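Shown here: my_file_12.csv, CSV, C-alpha atoms and all ligand atoms.
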```
chain,number,residue,atom,x,y,z
A,8,MET,CA,0.0,0.0,0.0
A,9,ASP,CA,1.2,3.5,-0.7
A,10,PHE,CA,-0.6,6.1,1.2
A,11,HIS,CA,1.5,9.0,0.1
A,12,SER,CA,-0.4,11.8,-1.6
A,13,GLU,CA,0.7,12.8,-5.1
A,14,ARG,CA,2.1,16.0,-3.7
A,15,VAL,CA,4.2,14.1,-1.1
A,16,GLN,CA,5.3,11.6,-3.7
A,17,THR,CA,6.5,14.3,-6.1
A,18,LEU,CA,8.3,16.4,-3.6
A,19,PRO,CA,11.7,17.4,-5.0
A,20,PRO,CA,14.2,14.8,-3.6
A,21,TYR,CA,16.3,16.0,-0.7
A,22,ILE,CA,19.8,15.6,-2.1
A,23,PHE,CA,21.4,15.5,1.2
A,24,SER,CA,19.6,12.4,2.5
A,25,ARG,CA,21.9,10.2,0.3
A,26,VAL,CA,24.9,11.8,2.1
A,27,TYR,CA,23.5,11.0,5.5
A,28,LYS,CA,22.8,7.4,4.6
A,29,ARG,CA,26.4,7.1,3.5
A,30,LYS,CA,27.6,8.8,6.7
A,31,LYS,CA,25.8,6.2,8.8
A,32,GLU,CA,27.4,3.3,6.8
A,33,LEU,CA,30.9,4.8,7.1
A,34,GLU,CA,30.4,5.4,10.8
A,35,GLU,CA,29.3,1.8,11.3
A,36,SER,CA,32.5,0.7,9.6
A,37,GLY,CA,34.5,2.6,12.2
A,38,MET,CA,35.3,5.9,10.3
A,39,ASP,CA,35.4,9.1,12.3
A,40,ILE,CA,33.1,11.5,10.4
A,41,ILE,CA,33.2,15.3,10.9
A,42,ASP,CA,30.0,17.0,9.8
A,43,LEU,CA,30.3,20.5,8.5
A,44,GLY,CA,26.8,20.3,7.0
A,45,ILE,CA,25.1,21.3,10.2
A,46,GLY,CA,22.7,24.2,9.9
A,47,ALA,CA,22.3,24.8,13.7
A,48,PRO,CA,24.5,26.4,16.3
A,49,ASP,CA,26.8,24.2,18.3
A,50,LEU,CA,26.9,26.8,21.1
A,51,PRO,CA,24.5,26.4,24.1
A,52,THR,CA,21.3,28.5,24.8
A,53,PRO,CA,22.2,31.4,27.1
A,54,THR,CA,21.8,30.5,30.8
A,55,PHE,CA,19.4,33.5,31.5
A,56,VAL,CA,17.0,32.1,28.9
A,57,ILE,CA,17.1,28.6,30.4
A,58,ASP,CA,16.6,30.0,33.9
A,59,GLU,CA,13.4,31.8,32.7
A,60,LEU,CA,12.0,28.6,31.1
A,61,VAL,CA,12.6,26.6,34.3
A,62,LYS,CA,11.1,29.3,36.5
A,63,GLU,CA,8.0,29.6,34.4
A,64,ALA,CA,7.6,25.9,33.8
A,65,TYR,CA,6.7,25.4,37.5
A,66,LYS,CA,3.7,27.8,37.3
A,67,SER,CA,0.5,25.9,36.7
A,68,SER,CA,-1.0,29.1,35.0
A,69,ASN,CA,1.5,28.4,32.2
A,70,HIS,CA,0.3,24.9,31.5
A,71,ARG,CA,-2.7,26.0,29.6
A,72,TYR,CA,-3.1,26.7,25.9
A,73,SER,CA,-1.4,29.8,24.7
A,74,PRO,CA,-3.6,32.3,22.8
A,75,TYR,CA,-3.6,31.3,19.0
A,76,SER,CA,-1.5,34.3,18.0
A,77,GLY,CA,1.0,33.8,20.9
A,78,SER,CA,1.2,35.5,24.3
A,79,GLN,CA,0.8,39.2,24.5
A,80,GLU,CA,4.1,39.3,26.4
A,81,PHE,CA,6.0,37.7,23.6
A,82,ARG,CA,4.4,39.8,20.8
A,83,GLU,CA,5.2,42.9,22.8
A,84,ALA,CA,8.8,41.8,23.2
A,85,VAL,CA,9.1,41.4,19.4
A,86,ALA,CA,7.6,44.9,18.9
A,87,HIS,CA,10.0,46.3,21.4
A,88,PHE,CA,13.0,44.6,19.7
A,89,TYR,CA,11.9,46.0,16.3
A,90,GLU,CA,11.6,49.5,17.8
A,91,LYS,CA,15.0,49.4,19.5
A,92,HIS,CA,17.0,47.5,16.9
A,93,TYR,CA,15.5,48.8,13.6
A,94,GLY,CA,13.5,51.9,14.6
A,95,VAL,CA,10.4,50.1,13.2
A,96,THR,CA,7.1,50.5,15.1
A,97,LEU,CA,4.8,47.5,15.2
A,98,ASN,CA,1.3,47.0,16.6
A,99,PRO,CA,1.8,43.8,18.8
A,100,ASP,CA,-1.8,42.8,18.3
A,101,GLU,CA,-2.1,42.9,14.5
A,102,GLU,CA,1.4,43.1,13.1
A,103,VAL,CA,3.1,40.4,15.2
A,104,LEU,CA,2.4,36.7,15.3
A,105,THR,CA,4.2,34.0,17.4
A,106,LEU,CA,5.5,31.1,15.4
A,107,ILE,CA,6.6,27.6,16.4
A,108,GLY,CA,9.9,28.3,14.7
A,109,SER,CA,10.0,30.4,11.5
A,110,LYS,CA,10.0,27.3,9.2
A,111,GLU,CA,6.4,26.5,9.9
A,112,GLY,CA,5.5,30.1,9.5
A,113,ILE,CA,7.1,30.3,6.1
A,114,ALA,CA,5.5,27.1,4.9
A,115,ASN,CA,2.1,28.0,6.3
A,116,LEU,CA,2.2,31.5,4.8
A,117,ILE,CA,2.7,30.0,1.4
A,118,SER,CA,-0.4,27.9,1.7
A,119,ALA,CA,-2.3,30.9,3.2
A,120,VAL,CA,-1.4,33.1,0.2
A,121,ILE,CA,-1.4,31.0,-2.9
A,122,ASN,CA,-4.1,29.0,-4.7
A,123,PRO,CA,-3.0,25.9,-6.6
A,124,THR,CA,-1.1,26.7,-9.8
A,125,GLU,CA,-0.2,30.2,-8.6
A,126,THR,CA,3.5,31.2,-8.6
A,127,VAL,CA,6.0,32.1,-5.9
A,128,MET,CA,9.5,33.5,-6.7
A,129,VAL,CA,12.3,32.2,-4.6
A,130,PRO,CA,16.0,32.9,-4.5
A,131,ASP,CA,18.3,30.5,-6.4
A,132,PRO,CA,20.3,29.1,-4.6
A,133,GLY,CA,18.0,29.0,-1.6
A,134,TYR,CA,16.7,27.3,1.5
A,135,PRO,CA,15.0,24.1,0.3
A,136,VAL,CA,11.9,24.6,2.5
A,137,TYR,CA,10.6,27.4,0.2
A,138,GLU,CA,10.3,25.2,-2.8
A,139,SER,CA,8.9,22.2,-0.9
A,140,ALA,CA,6.3,24.3,0.8
A,141,ILE,CA,5.2,25.8,-2.6
A,142,HIS,CA,5.0,22.3,-4.0
A,143,LEU,CA,2.9,21.0,-1.1
A,144,ALA,CA,0.5,24.0,-1.5
A,145,GLY,CA,0.1,23.0,-5.2
A,146,GLY,CA,1.9,26.1,-6.4
A,147,GLN,CA,4.6,26.8,-9.0
A,148,THR,CA,8.1,28.1,-8.4
A,149,THR,CA,10.0,30.6,-10.3
A,150,TYR,CA,13.6,31.7,-9.5
A,151,LEU,CA,15.3,34.9,-8.6
A,152,PRO,CA,19.0,34.4,-9.4
A,153,LEU,CA,21.5,35.6,-6.9
A,154,GLU,CA,24.6,37.3,-8.3
A,155,ALA,CA,27.9,35.8,-7.1
A,156,GLU,CA,29.9,38.9,-8.2
A,157,LYS,CA,27.6,41.1,-6.1
A,158,ASP,CA,27.7,39.5,-2.7
A,159,PHE,CA,24.8,37.3,-3.8
A,160,GLN,CA,22.3,40.1,-4.1
A,161,PRO,CA,19.3,39.3,-6.2
A,162,ASN,CA,19.7,39.9,-9.9
A,163,PHE,CA,16.5,41.9,-10.3
A,164,GLN,CA,17.3,43.1,-13.8
A,165,GLN,CA,18.0,39.8,-15.4
A,166,THR,CA,14.7,38.3,-14.1
A,167,PRO,CA,12.1,38.4,-16.9
A,168,LYS,CA,9.2,40.8,-16.5
A,169,THR,CA,6.8,37.8,-17.1
A,170,ASP,CA,8.1,36.1,-14.0
A,171,TYR,CA,7.3,39.2,-11.9
A,172,GLU,CA,3.9,39.4,-13.5
A,173,LYS,CA,2.9,35.9,-12.7
A,174,SER,CA,4.3,35.9,-9.1
A,175,LYS,CA,2.0,36.4,-6.2
A,176,LEU,CA,4.7,36.2,-3.6
A,177,LEU,CA,8.5,36.8,-3.5
A,178,ILE,CA,10.7,35.3,-0.9
A,179,LEU,CA,14.0,36.9,0.1
A,180,ASN,CA,16.5,35.8,2.7
A,181,TYR,CA,19.3,38.0,4.1
A,182,PRO,CA,21.8,37.4,5.6
A,183,ASN,CA,21.5,34.5,3.2
A,184,ASN,CA,21.6,30.8,3.6
A,185,PRO,CA,23.5,29.1,1.8
A,186,THR,CA,25.6,31.9,0.2
A,187,ALA,CA,26.3,34.0,3.3
A,188,GLY,CA,25.4,37.0,1.1
A,189,THR,CA,24.3,40.2,2.8
A,190,VAL,CA,22.6,43.4,1.6
A,191,GLU,CA,22.0,47.0,2.4
A,192,VAL,CA,18.6,48.5,2.6
A,193,ASP,CA,18.6,49.6,-1.1
A,194,VAL,CA,18.0,45.9,-2.1
A,195,PHE,CA,14.8,45.9,-0.1
A,196,GLU,CA,13.8,49.3,-1.6
A,197,LYS,CA,14.2,47.8,-5.0
A,198,ALA,CA,12.1,44.7,-4.1
A,199,VAL,CA,9.4,46.8,-2.5
A,200,SER,CA,9.1,49.0,-5.7
A,201,LEU,CA,8.9,45.9,-7.9
A,202,ALA,CA,6.2,44.4,-5.6
A,203,ARG,CA,4.2,47.6,-5.9
A,204,LYS,CA,4.6,47.7,-9.7
A,205,TYR,CA,3.8,44.0,-10.3
A,206,GLN,CA,1.4,43.5,-7.3
A,207,PHE,CA,3.0,40.7,-5.4
A,208,ALA,CA,3.7,40.3,-1.7
A,209,ILE,CA,7.2,39.9,-0.1
A,210,ALA,CA,8.2,37.5,2.6
A,211,HIS,CA,11.6,38.2,4.0
A,212,ASP,CA,13.2,35.3,5.9
A,213,ALA,CA,15.6,37.0,8.4
A,214,ALA,CA,16.6,33.9,10.3
A,215,TYR,CA,20.2,35.2,10.5
A,216,ASP,CA,19.3,38.9,11.3
A,217,LEU,CA,21.6,39.1,14.3
A,218,VAL,CA,24.4,36.7,13.1
A,219,THR,CA,26.6,39.5,11.7
A,220,PHE,CA,30.3,40.4,11.9
A,221,GLY,CA,32.2,43.6,12.6
A,222,ASP,CA,30.3,46.9,12.0
A,223,TYR,CA,27.8,45.3,9.7
A,224,ARG,CA,24.2,45.5,10.8
A,225,ALA,CA,21.7,43.6,8.7
A,226,PRO,CA,18.7,45.8,7.7
A,227,SER,CA,15.1,44.9,8.1
A,228,LEU,CA,12.7,44.8,5.1
A,229,LEU,CA,10.4,46.9,7.3
A,230,GLU,CA,12.9,49.8,7.3
A,231,VAL,CA,11.7,50.6,3.8
A,232,SER,CA,8.8,53.0,3.8
A,233,GLY,CA,5.7,51.3,2.6
A,234,ALA,CA,7.1,47.8,3.1
A,235,LYS,CA,4.4,47.1,5.6
A,236,GLU,CA,1.8,47.5,2.9
A,237,ILE,CA,3.0,44.5,1.0
A,238,GLY,CA,5.5,42.6,3.1
A,239,VAL,CA,6.2,40.5,6.1
A,240,GLU,CA,9.5,39.5,7.8
A,241,PHE,CA,10.2,36.2,9.6
A,242,GLY,CA,12.4,36.2,12.6
A,243,SER,CA,13.7,33.3,14.7
A,244,LEU,CA,15.5,32.8,18.0
A,245,SER,CA,17.0,29.6,16.7
A,246,LYS,CA,20.2,31.0,15.2
A,247,SER,CA,20.8,34.1,17.2
A,248,PHE,CA,20.1,32.6,20.7
A,249,ASN,CA,21.1,29.0,19.9
A,250,MET,CA,17.5,27.9,20.4
A,251,THR,CA,16.8,25.6,17.4
A,252,GLY,CA,15.2,22.9,19.4
A,253,TRP,CA,13.0,25.3,21.4
A,254,ARG,CA,10.9,26.1,18.3
A,255,ILE,CA,10.2,29.8,18.7
A,256,GLY,CA,10.0,32.5,16.1
A,257,TYR,CA,7.8,35.3,14.8
A,258,VAL,CA,6.5,37.1,11.8
A,259,VAL,CA,6.0,40.8,11.6
A,260,GLY,CA,4.6,43.3,9.1
A,261,ASN,CA,1.6,43.4,6.9
A,262,ARG,CA,-1.6,42.7,8.9
A,263,ASP,CA,-3.5,41.2,6.0
A,264,LEU,CA,-0.8,38.6,5.3
A,265,ILE,CA,-0.4,38.0,9.0
A,266,GLN,CA,-4.2,37.5,9.3
A,267,ALA,CA,-4.2,34.9,6.5
A,268,LEU,CA,-1.3,33.1,8.1
A,269,SER,CA,-3.1,33.1,11.5
A,270,ILE,CA,-6.2,31.6,10.0
A,271,VAL,CA,-4.2,28.6,8.7
A,272,LYS,CA,-2.3,28.3,12.0
A,273,SER,CA,-5.4,28.5,14.2
A,274,ASN,CA,-6.7,25.6,12.3
A,275,THR,CA,-3.5,23.7,12.6
A,276,ASP,CA,-1.7,24.4,15.9
A,277,THR,CA,-2.3,26.3,19.1
A,278,SER,CA,0.9,28.3,19.4
A,279,GLN,CA,3.9,27.5,21.6
A,280,PHE,CA,4.3,26.5,25.2
A,281,LEU,CA,3.9,29.6,27.3
A,282,PRO,CA,7.2,29.2,29.3
A,283,ILE,CA,9.1,29.0,25.9
A,284,GLN,CA,7.4,32.3,24.8
A,285,LYS,CA,8.4,33.9,28.2
A,286,ALA,CA,12.0,32.7,27.8
A,287,GLY,CA,12.0,33.9,24.2
A,288,ALA,CA,10.7,37.4,25.3
A,289,LYS,CA,13.6,37.6,27.8
A,290,ALA,CA,16.1,36.8,25.0
A,291,LEU,CA,14.7,39.5,22.7
A,292,LEU,CA,14.6,42.1,25.5
A,293,SER,CA,18.2,41.3,26.5
A,294,ASP,CA,21.1,43.6,25.7
A,295,LEU,CA,22.1,41.0,23.0
A,296,SER,CA,25.6,40.6,24.5
A,297,THR,CA,25.3,36.8,24.2
A,298,VAL,CA,24.6,37.3,20.5
A,299,SER,CA,27.8,39.3,20.1
A,300,GLU,CA,29.8,36.7,22.0
A,301,ASN,CA,28.5,34.0,19.6
A,302,ASN,CA,29.3,36.1,16.6
A,303,GLN,CA,32.9,36.5,17.8
A,304,VAL,CA,33.2,32.7,18.1
A,305,TYR,CA,31.9,32.3,14.5
A,306,GLU,CA,34.3,35.1,13.3
A,307,GLY,CA,37.3,33.4,14.7
A,308,ARG,CA,36.3,30.1,13.0
A,309,LEU,CA,35.6,32.0,9.8
A,310,ASP,CA,39.1,33.5,9.6
A,311,PHE,CA,40.6,30.1,10.2
A,312,VAL,CA,38.5,28.4,7.6
A,313,MET,CA,39.1,31.1,5.0
A,314,SER,CA,42.9,30.9,5.6
A,315,VAL,CA,43.0,27.1,5.1
A,316,LEU,CA,40.8,27.4,2.0
A,317,GLU,CA,43.2,30.1,0.7
A,318,GLU,CA,46.1,27.6,1.1
A,319,MET,CA,44.1,25.2,-0.9
A,320,GLY,CA,43.7,27.8,-3.7
A,321,ILE,CA,40.0,28.4,-2.9
A,322,HIS,CA,39.4,32.1,-2.5
A,323,VAL,CA,36.2,33.3,-0.7
A,324,LYS,CA,35.1,36.9,-0.1
A,325,ARG,CA,34.8,37.4,3.6
A,326,PRO,CA,31.1,37.2,4.5
A,327,ARG,CA,29.5,39.8,6.8
A,328,GLY,CA,27.0,37.4,8.4
A,329,THR,CA,25.6,33.8,8.9
A,330,PHE,CA,27.7,30.9,10.1
A,331,PHE,CA,28.3,29.6,6.6
A,332,VAL,CA,31.1,29.7,4.1
A,333,TRP,CA,30.0,29.3,0.5
A,334,ALA,CA,33.0,28.3,-1.6
A,335,LYS,CA,33.7,27.2,-5.2
A,336,VAL,CA,34.6,23.5,-5.6
A,337,PRO,CA,38.1,23.0,-7.1
A,338,GLU,CA,38.4,23.0,-10.9
A,339,GLY,CA,37.2,19.7,-12.5
A,340,TRP,CA,34.7,18.6,-9.9
A,341,THR,CA,31.0,18.9,-9.6
A,342,SER,CA,29.5,19.8,-6.2
A,343,MET,CA,28.3,16.2,-5.6
A,344,GLU,CA,31.7,14.6,-6.7
A,345,PHE,CA,33.6,16.9,-4.5
A,346,SER,CA,31.5,16.4,-1.4
A,347,SER,CA,31.4,12.6,-2.0
A,348,GLU,CA,35.2,12.5,-2.3
A,349,LEU,CA,35.6,14.5,0.9
A,350,LEU,CA,33.3,12.1,2.7
A,351,GLU,CA,34.8,8.9,1.3
A,352,LYS,CA,38.4,9.8,1.6
A,353,ALA,CA,38.6,12.3,4.4
A,354,GLY,CA,35.5,11.6,6.5
A,355,VAL,CA,34.3,15.2,6.2
A,356,ILE,CA,30.8,16.2,5.3
A,357,VAL,CA,30.2,19.5,3.5
A,358,THR,CA,26.9,20.4,1.8
A,359,PRO,CA,27.0,20.1,-2.0
A,360,GLY,CA,25.8,23.4,-3.5
A,361,ASN,CA,23.2,21.8,-5.7
A,362,ALA,CA,21.2,20.8,-2.6
A,363,PHE,CA,20.1,24.4,-2.7
A,364,GLY,CA,19.1,24.6,-6.3
A,365,LYS,CA,20.5,24.7,-9.8
A,366,SER,CA,22.6,27.8,-9.3
A,367,GLY,CA,24.3,26.1,-6.3
A,368,GLU,CA,26.1,23.7,-8.7
A,369,GLY,CA,29.9,24.4,-8.5
A,370,TYR,CA,29.8,25.4,-4.9
A,371,PHE,CA,29.9,23.7,-1.4
A,372,ARG,CA,28.8,25.0,1.9
A,373,ILE,CA,30.8,24.7,5.1
A,374,SER,CA,29.1,25.4,8.4
A,375,LEU,CA,31.0,27.2,11.2
A,376,SER,CA,28.7,25.8,13.9
A,377,VAL,CA,31.2,23.1,14.8
A,378,PRO,CA,33.5,23.1,17.8
A,379,ASN,CA,36.9,24.5,17.1
A,380,GLU,CA,38.9,21.3,17.5
A,381,ARG,CA,36.6,19.4,15.1
A,382,LEU,CA,36.6,22.2,12.6
A,383,ASN,CA,40.5,22.3,12.7
A,384,GLU,CA,40.7,18.6,12.2
A,385,ALA,CA,38.2,18.7,9.3
A,386,MET,CA,40.0,21.5,7.5
A,387,SER,CA,43.4,19.7,7.9
A,388,ARG,CA,41.9,16.6,6.4
A,389,MET,CA,40.4,18.6,3.5
A,390,LYS,CA,43.6,20.3,2.8
A,391,TYR,CA,45.6,17.1,2.9
A,392,LEU,CA,43.1,15.5,0.4
A,393,LEU,CA,43.6,18.3,-2.1
A,394,THR,CA,47.3,19.2,-1.6
A,395,ASN,CA,48.8,16.2,0.1
A,396,ASP,CA,50.2,18.7,2.6
B,1,LIG,C1,17.3,27.8,10.1
B,1,LIG,C2,16.6,28.5,9.1
B,1,LIG,C3,15.2,28.8,9.2
B,1,LIG,C4,14.3,28.1,10.3
B,1,LIG,O1,14.5,28.4,11.5
B,1,LIG,P1,13.5,28.0,12.6
B,1,LIG,O2,14.3,27.2,13.6
B,1,LIG,O3,12.4,27.2,12.0
B,1,LIG,O4,13.1,29.3,13.2
B,1,LIG,C5,14.6,29.5,8.3
B,1,LIG,N1,15.3,30.0,7.2
B,1,LIG,C6,16.6,29.8,7.0
B,1,LIG,C7,17.2,30.4,5.9
B,1,LIG,C8,17.3,29.0,8.0
B,1,LIG,O5,18.6,28.7,7.7
```
Write out the structure in this file as structure tokens.
Amino acid sequence: MDFHSERVQTLPPYIFSRVYKRKKELEESGMDIIDLGIGAPDLPTPTFVIDELVKEAYKSSNHRYSPYSGSQEFREAVAHFYEKHYGVTLNPDEEVLTLIGSKEGIANLISAVINPTETVMVPDPGYPVYESAIHLAGGQTTYLPLEAEKDFQPNFQQTPKTDYEKSKLLILNYPNNPTAGTVEVDVFEKAVSLARKYQFAIAHDAAYDLVTFGDYRAPSLLEVSGAKEIGVEFGSLSKSFNMTGWRIGYVVGNRDLIQALSIVKSNTDTSQFLPIQKAGAKALLSDLSTVSENNQVYEGRLDFVMSVLEEMGIHVKRPRGTFFVWAKVPEGWTSMEFSSELLEKAGVIVTPGNAFGKSGEGYFRISLSVPNERLNEAMSRMKYLLTND
């Protein structure tokens, strides 16, 4: 019997699952595998956040259902964070919604916005969830290419007018996974003006909003005047506060889009456990010093990885955010061949670029969310494989 729906059966294959199957086999044969494919922080959740969860978990008043749209306290904390960090004012009742991680919010927004056969434009390369969610909602995907020469900013000019005309929603993601590309606010201004002209909505996935280096500060889509009329922004505590397993995030911006999403959600889930929302509020209202500490750890690892890659003849422009390094595979290899060779011969997993879409071919992604000793060991193995040195 096959109970899989057609949409589930025809989901684009997850290229990386093959790698994980092989990882398991090699580990069972006794090989030590170092995984640089991880998309989640290795660092722990800050203690003050855990303390809040524990304290609140004991209160029986917190054991009930949360309001569908999330607790007032969490939504107010998000609004406060936006005011303080971006100078953007939000109404916590209508312009903020609690999410059980931003992933569900992105997927549910797509099904809340498009009818079957309607089109969504996604970045290429991009986070695979966008395309799967579009497929599950019965929609069509069209691609917005990212320009390698321009810090992986969207190539708005090269995209055909007909693609804008048929799109109902555009998804953007900066700081970007997988390319580590970053933008200034002018890119969002351009996107908002296109959205106005061609009448589509924008969803900006800002999962790495606080994972930035040096003086760089990632802008919010909502800093653009008029953005709230057509757009929403997804935020997550997963990456900035090392809270991936907690499942807490939010969406902010256009009230009509948020209302559509909240209708889907109120028929699907009943928001997040109240103590997790309380702990999340604490994190957002903090001075963000734990975030800077994490970023310094990533930056140290980044410099190390870049210097080893340079010794291998692989030059990477220094990213301004995310914990990823997106590098070109050496001459003569495809992404898949290079990552398989690394796994088989060196016991190191990197993500092949084509796992993120067609334009990812020719690249591989290294995650910096791996403890220093393991990262050092992985990079020496990689260098030895390529240079015998
Ligand atoms: C990790 C990630 C998310 C999802 O994060 P949640 O844990 O669901 O909040 C969303 N977008 C991108 C690009 C990510 O890398």
Q: Find, counting all atoms listed in the file, the residue in A:Phe311, A:Phe248, A:Trp333, A:Tyr215 that gets nearest to Asp49 of chain A.
A: A:Phe248
Q) Using only C-alpha atoms and all ligand atoms, which residue out of A:Tyr171, A:Tyr257, A:Tyr75, A:Phe195 lies closest to ligand LIG 1 (chain B)? A)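 Ranked by minimum distance to ligand LIG 1 (chain B), first place goes to A:Tyr257.
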Q: Could you check how far atom CA of Gly367 of chain A sits from atom CA of Leu153 of chain A, in Å to one decimal?
A: 9.9 Å
Using only C-alpha atoms and all ligand atoms, which protein or nucleic acid residues are at most 7 Å from ligand LIG 1 (chain B), as a short mmCIF file (atom, residue, chain, number, x, y, z; two decimals) with C-alpha atoms, in the coordinates of the input?
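Okay, this is what ended up in part36.cif:
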```cif
data_model
loop_
_atom_site.label_atom_id
_atom_site.label_comp_id
_atom_site.auth_asym_id
_atom_site.auth_seq_id
_atom_site.Cartn_x
_atom_site.Cartn_y
_atom_site.Cartn_z
CA GLY A 46 22.70 24.20 9.90
CA ALA A 47 22.30 24.80 13.70
CA GLY A 108 9.90 28.30 14.70
CA SER A 109 10.00 30.40 11.50
CA LYS A 110 10.00 27.30 9.20
CA GLU A 111 6.40 26.50 9.90
CA TYR A 134 16.70 27.30 1.50
CA ASN A 180 16.50 35.80 2.70
CA ASN A 183 21.50 34.50 3.20
CA ASN A 184 21.60 30.80 3.60
CA ASP A 212 13.20 35.30 5.90
CA ALA A 214 16.60 33.90 10.30
CA GLY A 242 12.40 36.20 12.60
CA SER A 243 13.70 33.30 14.70
CA LEU A 244 15.50 32.80 18.00
CA SER A 245 17.00 29.60 16.70
CA LYS A 246 20.20 31.00 15.20
CA THR A 251 16.80 25.60 17.40
CA ARG A 254 10.90 26.10 18.30
CA ILE A 255 10.20 29.80 18.70
CA GLY A 256 10.00 32.50 16.10
#
```
Q.
Taking (5.4, 42.9, 23.2) in the coordinates of the supplied file, I want to know which residues reach to within 10 Å of it, counting all atoms listed in the file; could you give the answer as a ChimeraX atom specification?
A. /A:78-89,97-100,103,288,291-292
Q.
Please list, as a list in words, the residues that have an atom at most 10 Å away from (27.7, 9.3, 8.3) in the coordinates of this file, counting all atoms listed in the file.
A.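 All residues meeting the 10 Å criterion around (27.7, 9.3, 8.3) are Arg25, Val26, Tyr27, Lys28, Arg29, Lys30, Lys31, Glu32, Leu33, Glu34, Glu35, Ser36, Met38, Asp39, Ile40, Ile41, Asp42, Leu350, Glu351, Gly354, Val355 and Ile356 of chain A.
Proximity of A:Val136, A:Leu217, A:Val231, A:Leu179 to Pro20 of chain A, computed with all atoms listed in the file, is greatest for A:Val136.
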Q: Between atom CA of Leu316 of chain A and atom CA of Ile22 of chain A, measure the distance and give it in Å to one decimal.
A: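 So the two atoms, atom CA of Leu316 of chain A and atom CA of Ile22 of chain A, lie 24.4 Å apart.
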Q: Would you mind telling me which residue in A:Tyr305, A:Leu295, A:Thr52, A:Thr186 lies nearest to Lys335 of chain A when using only C-alpha atoms?
A: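 Among A:Tyr305, A:Leu295, A:Thr52, A:Thr186, it is A:Thr186 that comes nearest to Lys335 of chain A.
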(Q) From the options A:Gly364, A:Gly112, A:Gly320, A:Pro185, which residue's atoms come nearest to Val239 of chain A, counting all atoms listed in the file? (A)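 Between A:Gly364, A:Gly112, A:Gly320, A:Pro185, the residue approaching Val239 of chain A most closely is A:Gly112.
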**Q.** Nearest to Ala286 of chain A by atom-to-atom distance, counting all atoms listed in the file, from A:Asn115, A:Thr54, A:Ser12, A:Gln147
**A.**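 Of all the options, A:Thr54 lies closest to Ala286 of chain A.
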Q. Just how far from atom CA of His211 of chain A is atom CA of Glu240 of chain A, in Å to one decimal?
A. 4.5 Å
Please produce, as CSV, a per-residue contact table for segment 163-216 of chain A versus segment 223-228 of chain A (criterion: any atom at most 8 Å away, all atoms listed in the file considered), showing the nearest atom pair and its distance in Å to one decimal, sorted by chain then residue number.
```
residue,atom,partner,partner_atom,distance
A:Tyr181,CA,A:Ala225,CA,7.6
A:Pro182,CA,A:Ala225,CA,6.9
A:Thr189,CA,A:Ala225,CA,7.3
A:Val190,CA,A:Ala225,CA,7.2
A:Glu191,CA,A:Pro226,CA,6.4
A:Val192,CA,A:Pro226,CA,5.8
A:Phe195,CA,A:Leu228,CA,5.7
A:His211,CA,A:Leu228,CA,6.8
A:Ala213,CA,A:Ser227,CA,7.9
A:Asp216,CA,A:Ala225,CA,5.9
```
Within 12 Å of segment 269-272 of chain A, which residues of segment 100-202 of chain A come that close, and what is the closest atom pair and distance in Å for each? Count all atoms listed in the file and give it as a Markdown table.
```
| residue | atom | partner | partner_atom | distance |
| --- | --- | --- | --- | --- |
| A:Asp100 | CA | A:Ser269 | CA | 11.9 |
| A:Glu101 | CA | A:Ser269 | CA | 10.3 |
| A:Glu102 | CA | A:Ser269 | CA | 11.1 |
| A:Val103 | CA | A:Ser269 | CA | 10.3 |
| A:Leu104 | CA | A:Ser269 | CA | 7.6 |
| A:Thr105 | CA | A:Ser269 | CA | 9.4 |
| A:Leu106 | CA | A:Lys272 | CA | 9.0 |
| A:Ile107 | CA | A:Lys272 | CA | 10.0 |
| A:Glu111 | CA | A:Lys272 | CA | 9.1 |
| A:Gly112 | CA | A:Lys272 | CA | 8.4 |
| A:Ile113 | CA | A:Lys272 | CA | 11.3 |
| A:Ala114 | CA | A:Val271 | CA | 10.5 |
| A:Asn115 | CA | A:Val271 | CA | 6.8 |
| A:Leu116 | CA | A:Val271 | CA | 8.0 |
| A:Ile117 | CA | A:Val271 | CA | 10.1 |
| A:Ser118 | CA | A:Val271 | CA | 8.0 |
| A:Ala119 | CA | A:Val271 | CA | 6.3 |
| A:Val120 | CA | A:Val271 | CA | 10.0 |
```
Could those residues be written to a file, using C-alpha atoms, as a short mmCIF file (atom, residue, chain, number, x, y, z; two decimals), keeping the file's coordinate frame?
```cif
data_model
loop_
_atom_site.label_atom_id
_atom_site.label_comp_id
_atom_site.auth_asym_id
_atom_site.auth_seq_id
_atom_site.Cartn_x
_atom_site.Cartn_y
_atom_site.Cartn_z
CA ASP A 100 -1.80 42.80 18.30
CA GLU A 101 -2.10 42.90 14.50
CA GLU A 102 1.40 43.10 13.10
CA VAL A 103 3.10 40.40 15.20
CA LEU A 104 2.40 36.70 15.30
CA THR A 105 4.20 34.00 17.40
CA LEU A 106 5.50 31.10 15.40
CA ILE A 107 6.60 27.60 16.40
CA GLU A 111 6.40 26.50 9.90
CA GLY A 112 5.50 30.10 9.50
CA ILE A 113 7.10 30.30 6.10
CA ALA A 114 5.50 27.10 4.90
CA ASN A 115 2.10 28.00 6.30
CA LEU A 116 2.20 31.50 4.80
CA ILE A 117 2.70 30.00 1.40
CA SER A 118 -0.40 27.90 1.70
CA ALA A 119 -2.30 30.90 3.20
CA VAL A 120 -1.40 33.10 0.20
#
```
(Q) Need to verify the contact set: Arg308 of chain A, 10 Å, only C-alpha atoms, exclusion of same-chain residues closer than 2 positions in sequence. Can you return it as a PyMOL selection string? (A) chain A and resi 302-306+310-314+330+374-379+382-383
**Q.** Contacts of segment 128-132 of chain A at 6 Å (all atoms listed in the file; same-chain gap of 4+ positions) as a PyMOL selection string
**A.** chain A and resi 148-152+177-178+363-364+366-367
